[in-house]
>>> print(open('my_file_31.cif').read())   # mmCIF, C-alpha atoms and all ligand atoms
data_work
#
loop_
_atom_site.label_atom_id
_atom_site.label_comp_id
_atom_site.auth_asym_id
_atom_site.auth_seq_id
_atom_site.Cartn_x
_atom_site.Cartn_y
_atom_site.Cartn_z
CA MET F 1 22.11 -66.16 -85.05
CA LYS F 2 19.96 -68.72 -83.20
CA ARG F 3 23.16 -70.37 -82.03
CA PHE F 4 24.47 -67.05 -80.74
CA HIS F 5 21.31 -66.51 -78.64
CA TRP F 6 21.59 -69.99 -77.14
CA LEU F 7 25.18 -69.27 -76.15
CA LEU F 8 24.24 -66.01 -74.44
CA SER F 9 21.40 -67.53 -72.36
CA THR F 10 23.57 -70.51 -71.33
CA LEU F 11 26.31 -68.12 -70.17
CA ALA F 12 23.75 -66.04 -68.19
CA ALA F 13 22.39 -69.19 -66.49
CA LEU F 14 25.91 -70.26 -65.54
CA VAL F 15 26.69 -66.84 -64.04
CA LEU F 16 23.47 -67.00 -61.98
CA VAL F 17 24.11 -70.52 -60.69
CA GLY F 18 27.66 -69.57 -59.80
CA ALA F 19 26.50 -66.50 -57.90
CA CYS F 20 24.28 -68.66 -55.67
CA GLY F 21 26.98 -71.19 -54.94
CA LYS F 22 28.62 -71.51 -51.59
CA ASP F 23 31.71 -69.64 -52.68
CA ASN F 24 29.59 -66.63 -53.59
CA PRO F 25 27.02 -66.10 -50.81
CA VAL F 26 23.98 -63.85 -51.36
CA PRO F 27 25.14 -60.34 -50.44
CA THR F 28 23.84 -59.32 -47.01
CA PRO F 29 21.50 -56.30 -47.02
CA PRO F 30 23.15 -52.98 -46.33
CA PRO F 31 23.32 -52.10 -42.60
CA ASP F 32 20.39 -50.22 -41.02
CA PRO F 33 21.31 -46.56 -41.36
CA ASP F 34 19.99 -45.83 -37.81
CA PRO F 35 20.44 -48.90 -35.62
CA THR F 36 19.05 -48.82 -32.06
CA PRO F 37 22.11 -48.77 -29.87
CA VAL F 38 22.39 -51.71 -27.51
CA ILE F 39 22.95 -50.33 -24.01
CA PRO F 40 24.41 -52.79 -21.57
CA PRO F 41 22.07 -53.18 -18.54
CA GLU F 42 23.14 -51.21 -15.51
CA PRO F 43 23.53 -53.12 -12.28
CA GLU F 44 20.19 -52.93 -10.33
CA PRO F 45 20.37 -50.15 -7.73
CA GLU F 46 20.34 -51.27 -4.11
CA LYS F 47 16.69 -51.24 -2.94
CA ASP F 48 16.28 -48.81 -0.05
CA PRO F 49 13.68 -50.25 2.33
CA LEU F 50 12.92 -46.79 3.72
CA ALA F 51 11.94 -45.62 0.25
CA LEU F 52 10.04 -48.78 -0.61
CA TRP F 53 7.88 -49.20 2.50
CA GLY F 54 6.29 -46.88 5.02
CA LEU F 55 5.66 -48.10 8.55
CA LYS F 56 2.03 -48.79 7.72
CA ASP F 57 2.93 -51.18 4.90
CA LEU F 58 5.21 -53.17 7.14
CA ALA F 59 2.85 -53.12 10.11
CA SER F 60 -0.05 -54.17 7.93
CA ALA F 61 1.99 -57.07 6.54
CA CYS F 62 2.44 -58.12 10.20
CA GLY F 63 -1.34 -57.92 10.77
CA LEU F 64 -1.20 -54.64 12.67
CA MET F 65 -2.82 -51.26 12.09
CA ILE F 66 -0.54 -48.40 13.02
CA GLY F 67 -1.99 -44.98 13.76
CA THR F 68 -1.08 -41.56 15.04
CA GLU F 69 -2.60 -38.36 16.36
CA PHE F 70 -2.65 -34.83 15.04
CA THR F 71 -4.32 -31.60 16.01
CA TYR F 72 -5.82 -28.87 13.87
CA GLY F 73 -2.83 -26.49 13.75
CA GLU F 74 -0.34 -29.15 12.69
CA TYR F 75 -1.90 -29.93 9.35
CA SER F 76 -0.66 -26.70 7.75
CA ASP F 77 2.79 -28.29 7.84
CA ASP F 78 3.50 -30.07 4.55
CA SER F 79 6.01 -32.40 6.21
CA LEU F 80 3.22 -33.78 8.35
CA LYS F 81 1.13 -34.66 5.30
CA VAL F 82 4.02 -36.55 3.70
CA VAL F 83 4.55 -38.58 6.85
CA MET F 84 0.84 -39.20 7.44
CA LYS F 85 0.42 -40.63 3.95
CA ARG F 86 3.53 -42.74 4.10
CA ASP F 87 3.60 -44.12 7.61
CA PHE F 88 0.15 -44.31 9.15
CA GLU F 89 -3.08 -46.14 8.49
CA ALA F 90 -5.27 -44.46 11.13
CA VAL F 91 -5.60 -41.17 12.94
CA THR F 92 -7.07 -39.85 16.18
CA PHE F 93 -7.65 -36.11 16.55
CA GLY F 94 -5.87 -34.84 19.65
CA ASN F 95 -8.59 -32.44 20.70
CA GLU F 96 -11.15 -31.71 18.03
CA MET F 97 -13.73 -34.39 18.86
CA LYS F 98 -13.75 -33.56 22.55
CA ASN F 99 -16.82 -32.16 24.21
CA ASP F 100 -15.42 -28.66 24.76
CA GLN F 101 -14.50 -28.39 21.06
CA ILE F 102 -17.84 -29.48 19.66
CA VAL F 103 -20.40 -28.11 22.13
CA THR F 104 -21.07 -24.40 21.81
CA ASN F 105 -21.98 -22.09 24.70
CA ALA F 106 -25.57 -22.34 23.54
CA GLY F 107 -25.45 -26.12 23.91
CA GLN F 108 -25.43 -26.80 20.16
CA PHE F 109 -23.01 -29.05 18.28
CA ASN F 110 -20.52 -27.45 15.95
CA PHE F 111 -18.77 -30.02 13.79
CA THR F 112 -17.12 -27.59 11.36
CA ARG F 113 -13.52 -27.95 12.48
CA ALA F 114 -13.70 -31.69 13.10
CA ASP F 115 -15.31 -32.16 9.67
CA GLN F 116 -12.47 -30.27 8.05
CA MET F 117 -10.05 -32.64 9.74
CA VAL F 118 -12.10 -35.64 8.63
CA GLY F 119 -11.52 -34.31 5.08
CA TRP F 120 -7.76 -34.20 5.72
CA ALA F 121 -7.84 -37.72 7.09
CA LYS F 122 -9.56 -38.85 3.88
CA GLU F 123 -6.94 -37.02 1.83
CA CYS F 124 -4.32 -39.14 3.58
CA GLU F 125 -6.44 -42.32 3.31
CA LEU F 126 -6.58 -42.69 7.08
CA LYS F 127 -9.08 -44.59 9.13
CA LEU F 128 -10.54 -42.54 11.94
CA PHE F 129 -10.72 -43.17 15.68
CA GLY F 130 -13.21 -41.17 17.73
CA HIS F 131 -11.82 -39.57 20.90
CA THR F 132 -13.73 -39.21 23.14
CA LEU F 133 -17.39 -39.60 24.10
CA GLY F 134 -16.81 -39.43 27.84
CA TRP F 135 -13.98 -37.88 29.83
CA HIS F 136 -13.78 -35.82 32.98
CA SER F 137 -11.54 -33.28 31.26
CA GLN F 138 -12.07 -30.87 28.37
CA GLN F 139 -15.82 -30.67 28.89
CA GLN F 140 -18.02 -27.75 28.01
CA ASN F 141 -18.45 -26.54 31.56
CA ASP F 142 -19.97 -23.19 30.69
CA TYR F 143 -22.93 -24.91 29.17
CA LEU F 144 -23.20 -28.00 31.34
CA VAL F 145 -22.52 -26.51 34.72
CA ASN F 146 -23.65 -22.93 34.45
CA LYS F 147 -26.74 -23.42 32.39
CA LEU F 148 -27.90 -26.92 33.12
CA VAL F 149 -26.95 -27.45 36.73
CA ALA F 150 -27.19 -23.92 38.09
CA GLY F 151 -30.39 -23.29 36.15
CA ALA F 152 -32.22 -26.32 37.61
CA THR F 153 -34.60 -25.95 40.54
CA ASP F 154 -32.98 -28.76 42.55
CA ALA F 155 -30.22 -31.33 42.41
CA ASP F 156 -32.48 -34.03 40.97
CA GLU F 157 -33.58 -31.83 38.13
CA ALA F 158 -29.99 -30.81 37.48
CA ALA F 159 -28.94 -34.45 37.36
CA ALA F 160 -31.77 -35.36 35.00
CA LEU F 161 -30.82 -32.50 32.66
CA VAL F 162 -27.19 -33.60 32.64
CA ARG F 163 -28.17 -37.18 31.86
CA ASP F 164 -30.43 -36.02 29.00
CA PHE F 165 -27.61 -33.96 27.65
CA HIS F 166 -25.18 -36.86 27.92
CA LYS F 167 -27.47 -39.02 25.77
CA LYS F 168 -28.00 -36.22 23.27
CA TRP F 169 -24.24 -35.74 23.00
CA VAL F 170 -23.46 -39.45 22.42
CA ASP F 171 -26.28 -39.74 19.87
CA ALA F 172 -25.08 -36.65 18.00
CA MET F 173 -21.44 -37.79 17.87
CA VAL F 174 -22.14 -41.36 16.83
CA GLY F 175 -24.67 -40.12 14.30
CA HIS F 176 -22.32 -37.55 12.79
CA PHE F 177 -18.97 -39.33 12.52
CA ASP F 178 -18.05 -42.59 10.85
CA VAL F 179 -15.22 -44.05 12.84
CA TYR F 180 -13.41 -47.34 13.14
CA GLY F 181 -13.57 -47.21 16.94
CA TRP F 182 -14.82 -44.90 19.70
CA ASP F 183 -13.21 -44.19 23.04
CA VAL F 184 -16.61 -44.36 24.71
CA VAL F 185 -15.19 -43.52 28.10
CA ASN F 186 -11.74 -42.37 29.01
CA GLU F 187 -9.99 -42.45 32.41
CA VAL F 188 -12.94 -43.57 34.54
CA PHE F 189 -10.79 -45.32 37.17
CA ILE F 190 -8.08 -44.09 39.50
CA ASP F 191 -4.90 -46.17 39.87
CA SER F 192 -6.28 -48.24 42.77
CA GLY F 193 -9.16 -49.42 40.57
CA ALA F 194 -11.82 -47.28 42.30
CA TRP F 195 -14.23 -45.40 40.04
CA ARG F 196 -13.07 -41.84 39.51
CA ASN F 197 -15.12 -39.06 41.03
CA LYS F 198 -14.64 -35.49 42.14
CA ALA F 199 -13.51 -36.50 45.63
CA ASN F 200 -10.80 -39.00 44.69
CA SER F 201 -9.27 -37.18 41.73
CA GLN F 202 -6.24 -35.10 42.46
CA LEU F 203 -6.24 -32.84 39.50
CA SER F 204 -3.37 -30.50 38.94
CA ASN F 205 -5.64 -27.98 37.28
CA ASN F 206 -9.32 -27.42 36.87
CA TYR F 207 -9.35 -27.42 33.09
CA HIS F 208 -13.00 -27.93 32.19
CA VAL F 209 -13.33 -30.81 34.62
CA PHE F 210 -16.70 -32.46 34.89
CA PHE F 211 -17.57 -35.74 36.53
CA TRP F 212 -20.56 -37.14 34.67
CA GLY F 213 -20.87 -39.97 37.18
CA ASP F 214 -21.81 -37.47 39.90
CA TYR F 215 -25.12 -36.95 38.07
CA TYR F 216 -26.17 -40.61 37.92
CA PRO F 217 -27.93 -42.19 40.95
CA GLY F 218 -25.75 -45.27 40.47
CA GLY F 219 -22.60 -43.12 40.27
CA PRO F 220 -19.76 -43.55 37.76
CA LYS F 221 -20.65 -47.16 36.97
CA GLU F 222 -24.13 -46.17 35.85
CA PHE F 223 -22.60 -43.37 33.78
CA VAL F 224 -20.27 -45.86 32.06
CA ASP F 225 -23.03 -48.45 31.53
CA THR F 226 -25.21 -45.73 30.02
CA ALA F 227 -22.43 -44.41 27.82
CA PHE F 228 -21.82 -47.84 26.27
CA ARG F 229 -25.50 -48.69 25.91
CA THR F 230 -26.25 -45.33 24.31
CA ALA F 231 -23.33 -45.65 21.90
CA ARG F 232 -24.30 -49.20 20.93
CA GLU F 233 -27.94 -48.22 20.37
CA ALA F 234 -26.94 -45.17 18.34
CA LEU F 235 -24.73 -47.34 16.11
CA GLU F 236 -27.58 -49.80 15.58
CA ARG F 237 -30.03 -47.02 14.78
CA GLU F 238 -27.60 -45.50 12.27
CA GLY F 239 -26.74 -48.85 10.72
CA LYS F 240 -23.06 -48.28 11.57
CA SER F 241 -20.45 -50.36 13.27
CA ALA F 242 -17.47 -49.33 15.39
CA ILE F 243 -15.42 -50.91 18.14
CA LEU F 244 -16.49 -49.47 21.49
CA TYR F 245 -13.47 -48.96 23.75
CA ILE F 246 -12.93 -48.34 27.41
CA ASN F 247 -9.64 -46.46 27.53
CA ASP F 248 -7.27 -45.55 30.36
CA TYR F 249 -3.68 -44.69 31.30
CA ASN F 250 -1.03 -46.22 33.61
CA LEU F 251 -2.26 -49.73 32.81
CA GLU F 252 1.30 -50.73 31.89
CA GLY F 253 2.65 -49.27 35.15
CA GLY F 254 3.21 -51.77 37.94
CA TRP F 255 1.72 -49.30 40.42
CA ALA F 256 -1.74 -49.45 38.81
CA HIS F 257 -2.58 -53.17 38.84
CA GLY F 258 -5.84 -52.27 40.57
CA LYS F 259 -6.88 -50.11 37.64
CA LEU F 260 -5.87 -52.73 35.07
CA GLU F 261 -7.94 -55.34 36.87
CA ALA F 262 -10.95 -53.05 37.35
CA LEU F 263 -10.98 -52.03 33.69
CA CYS F 264 -10.65 -55.58 32.39
CA GLN F 265 -13.28 -56.92 34.76
CA TYR F 266 -15.67 -54.16 33.77
CA ALA F 267 -15.12 -54.96 30.08
CA GLU F 268 -15.67 -58.67 30.70
CA GLY F 269 -18.96 -57.93 32.42
CA ASN F 270 -20.41 -55.63 29.78
CA PRO F 271 -21.14 -57.03 26.30
CA ASP F 272 -21.50 -53.47 24.91
CA VAL F 273 -17.76 -53.01 25.48
CA THR F 274 -15.97 -54.46 22.47
CA GLY F 275 -12.47 -53.12 23.07
CA VAL F 276 -10.00 -52.31 25.85
CA GLY F 277 -7.53 -49.48 25.32
CA SER F 278 -4.28 -48.62 27.05
CA GLN F 279 -3.01 -45.09 26.44
CA MET F 280 0.65 -45.83 27.29
CA HIS F 281 2.20 -42.45 27.97
CA THR F 282 5.45 -43.89 29.23
CA SER F 283 9.16 -43.04 29.47
CA GLY F 284 12.67 -44.40 29.60
CA ASP F 285 12.45 -44.23 33.41
CA LEU F 286 9.01 -45.78 33.88
CA TYR F 287 8.76 -48.54 31.28
CA SER F 288 9.00 -52.13 32.40
CA PRO F 289 8.94 -55.00 29.85
CA SER F 290 7.54 -57.43 32.42
CA GLU F 291 4.68 -55.06 33.33
CA MET F 292 3.98 -54.63 29.62
CA LYS F 293 3.68 -58.40 29.30
CA ASN F 294 1.41 -58.57 32.34
CA MET F 295 -0.84 -55.85 30.93
CA LEU F 296 -1.17 -57.37 27.46
CA GLU F 297 -1.86 -60.85 28.79
CA ARG F 298 -4.59 -59.53 31.08
CA MET F 299 -6.17 -57.45 28.33
CA VAL F 300 -6.13 -60.39 25.89
CA LYS F 301 -7.94 -62.50 28.51
CA THR F 302 -10.97 -60.19 28.23
CA GLY F 303 -11.53 -61.57 24.72
CA LYS F 304 -12.08 -57.98 23.47
CA LYS F 305 -10.05 -56.01 20.95
CA VAL F 306 -6.84 -54.80 22.56
CA ARG F 307 -5.50 -51.42 21.54
CA ILE F 308 -2.62 -49.17 22.47
CA SER F 309 -4.25 -45.84 21.93
CA GLU F 310 -1.84 -42.98 22.77
CA LEU F 311 1.73 -44.30 22.74
CA ASP F 312 4.58 -41.93 23.44
CA VAL F 313 7.88 -42.61 25.16
CA ALA F 314 9.62 -39.70 26.83
CA SER F 315 13.38 -39.91 27.23
CA GLY F 316 14.73 -41.39 30.45
CA LYS F 317 17.76 -43.07 31.93
CA LYS F 318 16.84 -46.75 32.24
CA MET F 319 15.98 -47.69 28.66
CA SER F 320 16.27 -45.91 25.33
CA GLN F 321 13.17 -44.76 23.50
CA ALA F 322 14.03 -47.03 20.57
CA ASP F 323 14.37 -50.12 22.75
CA ILE F 324 11.06 -49.43 24.48
CA ILE F 325 9.15 -48.92 21.24
CA LEU F 326 10.63 -52.12 19.82
CA ASP F 327 9.66 -54.01 22.94
CA VAL F 328 6.10 -52.63 22.81
CA PHE F 329 5.64 -53.74 19.19
CA LYS F 330 7.32 -57.07 19.66
CA GLN F 331 5.29 -57.99 22.74
CA TYR F 332 2.06 -56.72 21.20
CA LEU F 333 2.57 -58.86 18.09
CA ASP F 334 3.64 -61.88 20.13
CA ILE F 335 0.90 -61.72 22.76
CA VAL F 336 -2.20 -60.28 21.07
CA PRO F 337 -3.76 -62.74 18.60
CA GLU F 338 -4.40 -61.17 15.20
CA ALA F 339 -8.19 -61.32 15.58
CA GLN F 340 -7.95 -59.28 18.79
CA ARG F 341 -5.60 -56.59 17.48
CA GLY F 342 -7.11 -53.12 17.65
CA GLY F 343 -3.80 -51.55 16.65
CA ILE F 344 -1.13 -49.25 18.03
CA THR F 345 -1.55 -45.48 17.82
CA PHE F 346 1.25 -43.02 18.58
CA TRP F 347 0.20 -39.80 20.31
CA GLY F 348 1.66 -37.56 17.63
CA VAL F 349 4.19 -37.55 14.82
CA SER F 350 6.90 -35.00 15.50
CA ASP F 351 8.48 -34.18 18.87
CA LYS F 352 7.81 -30.51 18.26
CA ASN F 353 4.04 -31.00 18.56
CA SER F 354 3.95 -33.45 21.46
CA TRP F 355 1.75 -32.52 24.42
CA LEU F 356 4.80 -33.38 26.57
CA GLY F 357 7.02 -30.76 24.93
CA ALA F 358 9.79 -31.27 22.36
CA ASN F 359 12.48 -31.61 25.04
CA LYS F 360 10.99 -34.95 26.14
CA GLN F 361 11.55 -36.34 22.62
CA PRO F 362 8.71 -38.85 22.89
CA LEU F 363 7.84 -39.56 19.24
CA LEU F 364 9.26 -41.20 16.10
CA TYR F 365 10.20 -37.99 14.31
CA ASN F 366 12.33 -35.13 15.59
CA SER F 367 11.22 -31.52 15.36
CA GLN F 368 12.48 -31.27 11.75
CA TYR F 369 10.43 -34.34 10.78
CA LEU F 370 13.56 -36.43 10.41
CA ARG F 371 13.30 -40.10 11.31
CA LYS F 372 14.77 -40.84 14.71
CA ASP F 373 16.62 -43.93 15.83
CA ALA F 374 13.35 -45.36 17.17
CA TYR F 375 11.77 -45.03 13.72
CA LEU F 376 14.70 -46.70 11.97
CA LYS F 377 14.80 -49.60 14.40
CA LEU F 378 11.04 -50.08 14.30
CA HIS F 379 11.11 -50.01 10.50
CA ALA F 380 13.90 -52.60 10.37
CA TYR F 381 12.13 -54.80 12.91
CA LEU F 382 8.78 -54.75 11.10
CA LEU F 383 10.50 -55.34 7.78
CA GLU F 384 12.23 -58.42 9.09
CA ARG F 385 9.12 -59.69 10.84
CA SER F 386 6.87 -59.11 7.81
CA GLY F 387 9.29 -60.94 5.51
CA LEU F 388 8.61 -58.35 2.79
CA ASN F 389 12.34 -58.00 2.21
CA LYS F 390 12.54 -61.69 1.25
CA LYS F 391 9.82 -61.65 -1.40
O1 LIG R 1 -2.93 -34.26 23.25
C1 LIG R 1 -3.92 -33.56 23.96
C2 LIG R 1 -3.40 -32.18 24.24
O2 LIG R 1 -3.24 -31.46 23.04
C3 LIG R 1 -4.34 -31.46 25.19
O3 LIG R 1 -3.78 -30.23 25.58
C4 LIG R 1 -4.61 -32.32 26.40
C5 LIG R 1 -5.56 -31.63 27.33
O4 LIG R 1 -5.96 -32.44 28.36
O5 LIG R 1 -5.13 -33.56 26.00
C6 LIG R 1 -4.20 -34.27 25.28
O6 LIG R 1 -4.59 -35.58 25.02
C7 LIG R 1 -4.90 -36.39 26.15
C8 LIG R 1 -5.94 -37.38 25.68
O7 LIG R 1 -7.04 -36.69 25.17
C9 LIG R 1 -6.38 -38.29 26.81
N1 LIG R 1 -5.24 -38.95 27.41
C10 LIG R 1 -4.17 -38.08 27.82
C11 LIG R 1 -3.71 -37.20 26.66
C12 LIG R 1 -2.54 -36.34 27.07
O8 LIG R 1 -2.92 -35.44 28.05
#
>>> encode(input="my_file_31.cif", output="structure tokens")
Amino acid sequence: MKRFHWLLSTLAALVLVGACGKDNPVPTPPPDPDPTPVIPPEPEPEKDPLALWGLKDLASACGLMIGTEFTYGEYSDDSLKVVMKRDFEAVTFGNEMKNDQIVTNAGQFNFTRADQMVGWAKECELKLFGHTLGWHSQQQNDYLVNKLVAGATDADEAAALVRDFHKKWVDAMVGHFDVYGWDVVNEVFIDSGAWRNKANSQLSNNYHVFFWGDYYPGGPKEFVDTAFRTAREALEREGKSAILYINDYNLEGGWAHGKLEALCQYAEGNPDVTGVGSQMHTSGDLYSPSEMKNMLERMVKTGKKVRISELDVASGKKMSQADIILDVFKQYLDIVPEAQRGGITFWGVSDKNSWLGANKQPLLYNSQYLRKDAYLKLHAYLLERSGLNKK
């Protein structure tokens, strides 16, 4: 019996050893009943630069802040909001910070509408430019002229009341809004370079026109000096900072060299001025690349921030809108050192809302908010220049 048991256990051991031998491998475990299927990777889709980057991303990568303008009525359009968020870093309100929009007939300040727009700008993460603390147009004439001037006993008293009001207005605006830059004065020269006043301004209409300089003993220059000093002091008092611009139009036009020189010389002579602005309402008939170069070089020489503040390019026969906008950006980036760049702001988004009328097609988007040729070329240019497509 003992012998039989020994035989059995020897046989069992042999079977076991044989099963582990190389001719009888250990059986592999049964397959996973629910294996994760291996999906072959799809080829990476072509990256669409228009979907990846808005203009502001590309401009910012080139060291440039790109802005635009909108007015109150436009913001109800959802297409505008999409574009504002995607393409622009800064905004200027077309009308709503102007004197005639803020000052009531009783001479009070009503910020309600502008504040609502400030909220929209925040929604779109936009920096704000203040436009404008001093202009001869869109002023609250009913209050200033009828009540202040006509109500004074003599011209001196009238002038003193206007000057008081001017200070009160600048203080109120600088105190109320937080902006990246102010257009402290706008259009204070005529094309020859002379200070603008009632006598030398040929105005096509009389839309709330008011020449502040007529109420300063030292004329328009004293008005401008006072405007900058008051704005600077108000900023200091409020513990705020903002670039203080002198802003004008036609500076890129060869016919207004006198104005370009007068504006730059004034800025050079006044330390309260920290920026020079060129509106640049131009067209395919008027634009000249060599005059653009001349303007930028002169503005850079002032040592101040240099800004293009209201760019639009109406259609014309000599150059296409796209070519002009490309030239403006290229020259600006080539000529204005990064530390002096105040940015480029378009005067609107869609042709349908341009102050020039949709038929002039002056902006980057058509009336359906579709990107125009100028947009596509500018996008491609900034992409190439930024090098973002190579990273
Ligand atoms: O874009 C503004 C337009 O909606 C107004 O009707 C117009 C009234 O003067 O002002 C337009 O903006 C001007 C800007 O404030 C100063 N530079 C010239 C601009 C075009 O007129």
>>> residues_around(input="my_file_31.cif", residues="His166 in chain F", least_positions_apart="6", cutoff="10 Å", atoms="all atoms listed in the file", output="ChimeraX atom specification")
/F:133-134,144,160,172,212,223,226-227,230
>>> residues_near_ligand(input="my_file_31.cif", ligand="ligand LIG 1 (chain R)", cutoff="6 Å", atoms="all atoms listed in the file", output="PyMOL selection string")
chain F and resi 94-95+355
>>> closest_residue(input="my_file_31.cif", among="F:Cys62, F:Ile324, F:Val185, F:Ala234", to="Gly277 in chain F", atoms="all atoms listed in the file")
F:Val185
>>> atom_distance(input="my_file_31.cif", atom1="CA of Gly213 in chain F", atom2="CA of Arg229 in chain F")
15.0 Å
>>> closest_residue(input="my_file_31.cif", among="F:Trp169, F:Phe88, F:Tyr215, F:Phe329", to="Arg385 in chain F", atoms="all atoms listed in the file")
F:Phe329
>>> residues_around(input="my_file_31.cif", residues="Gln139 in chain F", least_positions_apart="3", cutoff="8 Å", atoms="all atoms listed in the file", output="ChimeraX atom specification")
/F:98-100,135-136,208-210
>>> residues_around(input="my_file_31.cif", residues="Arg371 in chain F", least_positions_apart="4", cutoff="12 Å", atoms="only C-alpha atoms", output="PyMOL selection string")
chain F and resi 50+54-55+79+83+87+322+349-351+363-367+375-379
>>> residues_around(input="my_file_31.cif", residues="Trp195 in chain F", least_positions_apart="6", cutoff="9 Å", atoms="only C-alpha atoms", output="PyMOL selection string")
chain F and resi 188-189+219-221+262
>>> closest_residue(input="my_file_31.cif", among="F:Val170, F:Val91, F:Ala194, F:Met319", to="Thr71 in chain F", atoms="only C-alpha atoms")
F:Val91
>>> closest_residue(input="my_file_31.cif", among="F:Glu291, F:Glu42, F:Asp191, F:Glu310", to="Phe129 in chain F", atoms="all atoms listed in the file")
F:Glu310
